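Everything below concerns the one structure shown next.
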Amino acid sequence: MAAGFRYPQFCALARAAEVVGERWTLLIVRELVLGPRRFSDLRERLDGLSASVLTERLARLEAGGLVARRALDRPASGVVYELTEAGRALEPALFALLRWGTGLLLPLRPRERVEGDWLRLALTACARRGPSPARTFLLRIRAGRAEVILRVVGGPGGTAVTEGFESAEATLTADPATILGLIAGGLSPRAALRDRRVEVTGETDALEVFPTLFDVTEPRG
């Protein structure tokens, strides 16, 4: 492991924090969970992160065996960073943090960046692992000028969240705060309809079932 800050504690959590506890490191891992990224891609997605700090964090992750560089095949050119097998082993911990952090997202802060695949990660992390109602939803999540389209499917094997525009029993059109409020339990389906925060096409009564496809852990203050 590359030299860096070390906690003088014989503790597994302390060891893990030495590797991924620095600022920006987990967000770099989040980006690489979504797929290989060029250095410039990471800079563009991680607002406020300087090139020097990104270089240092990537070097630390490479030295730890969590990230590797790979040259792109022709005709593409350049180098991408991607998670190694050891880096992929962080995914369960990352998704546990995503699930816990979803309860902290609301209210949205002014001028926060919203990305579709970040929302997909949050919904995937909160998707019910055990049996869930066998209903299908298409989510049209509007964030400024952008629109994120996700498909949510429940069933005996749990809830699956994927990208794609496929047929569904109900289509829900709303902003990110409304969708997150519904799955976290802070906003009832009835209130969302009454206040016109969500538009439902297809089976309107399916909205009452939608929150039960998810399981969000509420942070306790």
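Naming scheme: A, B, ... for chains in displayed order of the structure tokens; residues 1 onward per chain; ligands 1 onward as shown.
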- Selection: 8 Å around A:Ala134, only C-alpha atoms, excl. self and same-chain fewer than 2 positions, as a PyMOL selection string: chain A and resi 132+136+153-156
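Using only C-alpha atoms, the smallest distance between any of A:Phe5, A:Ala184, A:Gly78, A:Leu58 and A:Gly101 comes from A:Ala184.
Using only C-alpha atoms, the shortest contact distance between A:Arg57 and any of A:Gly158, A:Pro92, A:Gly186, A:Gly21 is found at A:Gly21.
Taking atom CA of A:Glu112 and atom CA of A:Leu193 as endpoints, the distance between them is 25.5 Å.
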- Query: Using only C-alpha atoms, which residue out of A:Glu22, A:Pro75, A:Thr171, A:Ala143 lies closest to A:Arg111?
  - Reply: A:Ala143
- Item | Contacts of A:Thr55 at 12 Å (only C-alpha atoms; same-chain gap of 3+ positions) as a PyMOL selection string | chain A and resi 24-25+28+38-40+42-43+49-52+58-62+81
Can you spit out the residues from that selection as an mmCIF file, in the first residue's frame, using C-alpha atoms?
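Saved to part.cif:
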data_model
loop_
_atom_site.group_PDB
_atom_site.id
_atom_site.type_symbol
_atom_site.label_atom_id
_atom_site.label_comp_id
_atom_site.auth_asym_id
_atom_site.auth_seq_id
_atom_site.Cartn_x
_atom_site.Cartn_y
_atom_site.Cartn_z
ATOM 1 C CA TRP A 24 -12.762 12.532 -3.177
ATOM 2 C CA THR A 25 -11.533 8.926 -3.083
ATOM 3 C CA ILE A 28 -13.609 8.415 -7.750
ATOM 4 C CA ARG A 38 -10.423 8.794 -18.834
ATOM 5 C CA PHE A 39 -8.618 11.271 -16.601
ATOM 6 C CA SER A 40 -10.492 14.091 -18.354
ATOM 7 C CA LEU A 42 -13.119 12.167 -14.034
ATOM 8 C CA ARG A 43 -12.142 15.839 -13.939
ATOM 9 C CA LEU A 49 -11.377 18.439 -7.849
ATOM 10 C CA SER A 50 -8.006 19.753 -9.043
ATOM 11 C CA ALA A 51 -5.867 17.839 -11.510
ATOM 12 C CA SER A 52 -3.078 17.471 -8.947
ATOM 13 C CA LEU A 58 -5.452 7.781 -8.576
ATOM 14 C CA ALA A 59 -1.792 7.027 -7.879
ATOM 15 C CA ARG A 60 -2.699 5.972 -4.340
ATOM 16 C CA LEU A 61 -5.482 3.707 -5.609
ATOM 17 C CA GLU A 62 -3.200 2.215 -8.245
ATOM 18 C CA TYR A 81 -8.760 4.008 -15.403
#
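Among the candidates A:Ala86, A:Cys11, A:Ala160, A:Ile141, the one nearest to A:Leu119 when counting only C-alpha atoms is A:Ile141.
When atom CA of A:Val79 is paired with atom CA of A:Trp118, their separation reads 23.5 Å.
When atom CA of A:Arg151 is paired with atom CA of A:Ala127, their separation reads 12.0 Å.
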